[in-house]
Amino acid sequence: GEDIVYRGQIEPNPVVRPWYNMSLRVPPPQSLREALKVPDRYMFGPGPSNVPPRILEAGARPVIGHMHPEIFEIMSDIKSGIQYLFQTQNKMTFAVSGTGHSAMECAIFNTVEPGDSVLTAVNGIWGERAAEMAERIGGRVNAIVAPPGGIFTNEDIEKALSKHRPALFFLAHGESSTGVLHPLDGIGQLCHKYNCLFLVDSVASMGGSPLHMDQQEIDILYTGSQKVLNAPPGTAPISFSERACRKISSRKTKPLSFFLDFNWLTNYWGCDDKPTRVYHHTGPVTAFYSLRESLAVLCEEGLEASWERHRTVAEYFHAGLENIGLKLFVKDKQVRLPTVTTIIAPHGYDWKEITSYIMRTHNLEISGGLGPSAGLVLRVGLMGCNSSRTNVDMVLSALTDALQHCHRSKV
């Protein structure tokens, strides 16, 4: 088309008008003109758990810069807290900015290169997720599979290690989809016998069940902030052994993810002893406040006291469930996860109706199954500050009420 004169300037046709001559076509949403409303309810599902006032208040402190010296001090406190929580002296210990999935990907993306052999233990959804993550970046993935609620013997694991010779073996310590607490003793030693790294997911178990990263020879361990730690979702503690660091440093290719790159993250967290920290990403500073406070709460109680409290409350809960006629999904008492209990969905009932009734009537969240346990179980999480006999009694009362009032099929 022809050039035209626009505001005294000759411009080609068609004219792209400056933004200040354009009209808005998307109005502000009416919902945002109203005050934010968030219900206060009992979070007794598999996570997130309730956040106590002390930790909420910590997260409401003023925002400071993610590269300010004060935030580096807070990050240093967090690192020390995670070392205590994990029972490790690993220097490469920090928190990923994200939920447990981000830590899972951080572990796998940094240690696995295309063509590497990866072995996953699948007895619930988390082994399945780890396998998919490794496959997506070109890992050659094999799995050992147990039915939901089952575990693997060390003989099962050694046989698979010998056969597949993986660079990495993944196991969920607390399998929250099925309610299993998997034994760890001896597995790290087996992995190292076959020159394999041992990666453990402890999102659902950390702080609620005994775990000793260094003594059990775990190479990479991670958890989430929103379970036993009772902090809001959004930070994921993780630690790497020296053996894992050597595997990462010998990579021939860069990790697929820049955001989860081990070298960048360890520099930001001051783990690498370099004199300066380089900007990598804007750390979620208020989430760091909450995580630090949650670690402080745990340190004040003490790990062993927390483990014991979760164990005794879980046993009290399990006995109460049996007293009202409900059955536990995991038969072996020794491998029941004390933080997340799986209950066989009662015969003749719609589990969705039970959970909906309890939410509506008691303002209390419990959930159904996930992945391989979907439709089979109800899941109740009593983690951190929620792990108490008072809360057990509340859940048992709600379940009893639901069984009396929800529809039961006679078929």
# chains A, B, ... in the order shown; residues from 1 in each chain; ligands from 1
call {"tool": "residues_around", "arguments": {"residues": "stretch 229-241 of chain A", "least_positions_apart": "3", "cutoff": "8 Å", "atoms": "only C-alpha atoms", "output": "compact mmCIF listing (two decimals) with N, CA, C and O atoms, in the first residue's frame"}}
result
# COMPACT_ATOMS: atom_id res chain seq x y z
N PRO A 48 -0.69 -31.02 50.80
CA PRO A 48 0.06 -30.38 51.87
C PRO A 48 -0.64 -30.50 53.21
O PRO A 48 -1.84 -30.74 53.29
N SER A 49 0.15 -30.34 54.27
CA SER A 49 -0.40 -30.38 55.62
C SER A 49 -0.65 -28.95 56.11
O SER A 49 -0.25 -27.98 55.46
N ASN A 50 -1.29 -28.83 57.26
CA ASN A 50 -1.54 -27.51 57.82
C ASN A 50 -0.23 -26.80 58.16
O ASN A 50 0.74 -27.45 58.56
N VAL A 51 -0.22 -25.48 57.98
CA VAL A 51 0.94 -24.67 58.32
C VAL A 51 0.64 -23.93 59.62
O VAL A 51 -0.30 -23.13 59.67
N PRO A 52 1.40 -24.18 60.69
CA PRO A 52 1.11 -23.52 61.96
C PRO A 52 1.40 -22.03 61.91
O PRO A 52 2.18 -21.57 61.06
N ILE A 55 5.02 -20.57 61.45
CA ILE A 55 5.64 -20.67 60.13
C ILE A 55 4.96 -19.73 59.14
O ILE A 55 5.61 -19.12 58.29
N LEU A 56 3.63 -19.58 59.25
CA LEU A 56 2.93 -18.60 58.41
C LEU A 56 3.46 -17.18 58.65
O LEU A 56 3.68 -16.42 57.70
N ILE A 82 18.94 -28.72 56.91
CA ILE A 82 18.74 -29.89 56.04
C ILE A 82 19.77 -30.97 56.37
O ILE A 82 19.45 -32.17 56.39
N ASN A 90 27.14 -33.86 53.85
CA ASN A 90 27.38 -33.45 52.47
C ASN A 90 27.41 -31.94 52.33
O ASN A 90 26.48 -31.24 52.76
N LYS A 91 28.45 -31.43 51.67
CA LYS A 91 28.52 -29.99 51.40
C LYS A 91 27.45 -29.58 50.40
O LYS A 91 26.92 -28.47 50.48
N MET A 92 27.18 -30.44 49.44
CA MET A 92 26.25 -30.10 48.36
C MET A 92 24.82 -30.39 48.82
O MET A 92 24.15 -31.32 48.38
N THR A 93 24.38 -29.56 49.75
CA THR A 93 23.06 -29.69 50.36
C THR A 93 22.37 -28.33 50.26
O THR A 93 22.94 -27.32 50.66
N PHE A 94 21.16 -28.32 49.70
CA PHE A 94 20.46 -27.05 49.48
C PHE A 94 18.98 -27.33 49.28
O PHE A 94 18.51 -28.44 49.51
N ALA A 95 18.23 -26.31 48.86
CA ALA A 95 16.80 -26.49 48.58
C ALA A 95 16.51 -26.00 47.16
O ALA A 95 16.90 -24.89 46.79
N VAL A 96 15.84 -26.82 46.39
CA VAL A 96 15.42 -26.44 45.05
C VAL A 96 14.19 -25.54 45.16
O VAL A 96 13.33 -25.75 46.03
N SER A 97 14.12 -24.53 44.30
CA SER A 97 12.95 -23.64 44.27
C SER A 97 11.85 -24.34 43.49
O SER A 97 11.78 -24.26 42.26
N GLY A 98 11.00 -25.04 44.19
CA GLY A 98 9.93 -25.81 43.57
C GLY A 98 9.46 -26.89 44.53
O GLY A 98 9.98 -27.02 45.64
N THR A 99 8.50 -27.68 44.10
CA THR A 99 7.98 -28.76 44.94
C THR A 99 8.85 -30.01 44.78
O THR A 99 9.88 -29.98 44.11
N GLY A 100 8.43 -31.11 45.39
CA GLY A 100 9.21 -32.33 45.35
C GLY A 100 9.53 -32.81 43.95
O GLY A 100 10.60 -33.37 43.71
N SER A 102 10.35 -31.02 41.47
CA SER A 102 11.51 -30.29 40.96
C SER A 102 12.80 -30.90 41.51
O SER A 102 13.81 -30.97 40.80
N ALA A 103 12.78 -31.35 42.75
CA ALA A 103 13.95 -32.01 43.31
C ALA A 103 14.18 -33.37 42.65
O ALA A 103 15.33 -33.77 42.40
N GLY A 207 11.41 -36.79 58.36
CA GLY A 207 11.00 -36.19 59.62
C GLY A 207 9.99 -37.02 60.39
O GLY A 207 9.78 -36.78 61.58
N ILE A 218 23.22 -43.34 51.12
CA ILE A 218 22.34 -42.77 50.09
C ILE A 218 23.11 -41.68 49.37
O ILE A 218 23.72 -40.81 49.99
N ASP A 219 23.09 -41.70 48.05
CA ASP A 219 23.86 -40.73 47.26
C ASP A 219 23.10 -39.45 46.98
O ASP A 219 23.69 -38.37 46.95
N ILE A 220 21.81 -39.56 46.73
CA ILE A 220 20.99 -38.37 46.50
C ILE A 220 19.69 -38.57 47.27
O ILE A 220 19.03 -39.61 47.13
N LEU A 221 19.33 -37.57 48.06
CA LEU A 221 18.14 -37.66 48.88
C LEU A 221 17.39 -36.33 48.77
O LEU A 221 18.02 -35.27 48.78
N TYR A 222 16.08 -36.40 48.64
CA TYR A 222 15.30 -35.16 48.58
C TYR A 222 13.98 -35.35 49.31
O TYR A 222 13.51 -36.46 49.55
N THR A 223 13.39 -34.21 49.65
CA THR A 223 12.07 -34.20 50.28
C THR A 223 11.35 -32.93 49.86
O THR A 223 11.82 -32.19 49.00
N GLY A 224 10.18 -32.70 50.45
CA GLY A 224 9.40 -31.50 50.15
C GLY A 224 9.12 -30.73 51.43
O GLY A 224 9.22 -31.27 52.53
N SER A 225 8.75 -29.48 51.27
CA SER A 225 8.53 -28.61 52.43
C SER A 225 7.15 -28.78 53.06
O SER A 225 6.93 -28.35 54.19
N GLN A 226 6.21 -29.40 52.33
CA GLN A 226 4.79 -29.29 52.68
C GLN A 226 4.22 -30.48 53.43
O GLN A 226 3.03 -30.55 53.66
N ALA A 244 28.04 -38.90 44.06
CA ALA A 244 27.12 -38.31 43.08
C ALA A 244 27.76 -37.10 42.40
O ALA A 244 27.60 -36.91 41.18
N CYS A 245 28.51 -36.31 43.17
CA CYS A 245 29.16 -35.13 42.59
C CYS A 245 30.19 -35.53 41.54
O CYS A 245 30.33 -34.85 40.51
N ALA A 287 9.49 -17.98 50.79
CA ALA A 287 9.44 -19.43 50.99
C ALA A 287 10.67 -19.90 51.77
O ALA A 287 10.58 -20.85 52.56
N PHE A 288 11.80 -19.23 51.55
CA PHE A 288 12.99 -19.57 52.33
C PHE A 288 12.77 -19.25 53.81
O PHE A 288 13.20 -20.00 54.69
N SER A 290 9.97 -19.37 55.43
CA SER A 290 9.08 -20.42 55.97
C SER A 290 9.84 -21.72 56.17
O SER A 290 9.67 -22.41 57.18
N LEU A 291 10.69 -22.07 55.20
CA LEU A 291 11.45 -23.31 55.30
C LEU A 291 12.42 -23.25 56.48
O LEU A 291 12.55 -24.22 57.24
N SER A 294 10.45 -23.74 59.65
CA SER A 294 9.98 -25.12 59.81
C SER A 294 11.12 -26.03 60.28
O SER A 294 10.91 -26.93 61.10
N LEU A 295 12.31 -25.78 59.76
CA LEU A 295 13.47 -26.56 60.21
C LEU A 295 13.81 -26.23 61.67
O LEU A 295 14.20 -27.12 62.43
N LEU A 298 11.47 -28.18 63.89
CA LEU A 298 11.87 -29.58 63.97
C LEU A 298 13.10 -29.75 64.85
O LEU A 298 13.18 -30.69 65.66
N MET A 383 0.80 -35.42 59.57
CA MET A 383 2.22 -35.11 59.43
C MET A 383 2.59 -33.85 60.20
O MET A 383 1.84 -32.87 60.22
N GLY A 384 3.76 -33.88 60.82
CA GLY A 384 4.23 -32.71 61.55
C GLY A 384 3.29 -32.36 62.68
O GLY A 384 2.91 -33.22 63.50
N CYS A 385 2.86 -31.10 62.72
CA CYS A 385 1.98 -30.66 63.80
C CYS A 385 0.62 -31.35 63.78
O CYS A 385 -0.11 -31.36 64.78
call {"tool": "residues_around", "arguments": {"residues": "A:Ile151", "least_positions_apart": "3", "cutoff": "8 Å", "atoms": "only C-alpha atoms", "output": "number ranges by chain"}}
result
A: 123, 146, 180, 182
call {"tool": "write_last_selection", "arguments": {"atoms": "N, CA, C and O atoms", "output": "PDB file, in the first residue's frame"}}
result
ATOM      1  N   ASN A 123       6.622 -49.542  43.116  1.00  0.00           N
ATOM      2  CA  ASN A 123       5.588 -50.165  43.955  1.00  0.00           C
ATOM      3  C   ASN A 123       4.512 -49.135  44.274  1.00  0.00           C
ATOM      4  O   ASN A 123       3.797 -49.231  45.266  1.00  0.00           O
ATOM      5  N   ALA A 146       6.642 -54.231  42.069  1.00  0.00           N
ATOM      6  CA  ALA A 146       5.921 -54.941  43.124  1.00  0.00           C
ATOM      7  C   ALA A 146       4.479 -54.450  43.104  1.00  0.00           C
ATOM      8  O   ALA A 146       4.207 -53.313  42.703  1.00  0.00           O
ATOM      9  N   VAL A 180       3.350 -47.252  51.912  1.00  0.00           N
ATOM     10  CA  VAL A 180       4.460 -48.149  52.248  1.00  0.00           C
ATOM     11  C   VAL A 180       5.683 -47.355  52.687  1.00  0.00           C
ATOM     12  O   VAL A 180       6.069 -46.375  52.037  1.00  0.00           O
ATOM     13  N   HIS A 182       9.456 -48.109  52.847  1.00  0.00           N
ATOM     14  CA  HIS A 182      10.352 -49.158  52.346  1.00  0.00           C
ATOM     15  C   HIS A 182      11.630 -49.234  53.172  1.00  0.00           C
ATOM     16  O   HIS A 182      12.265 -48.219  53.443  1.00  0.00           O
TER      17      HIS A 182
END
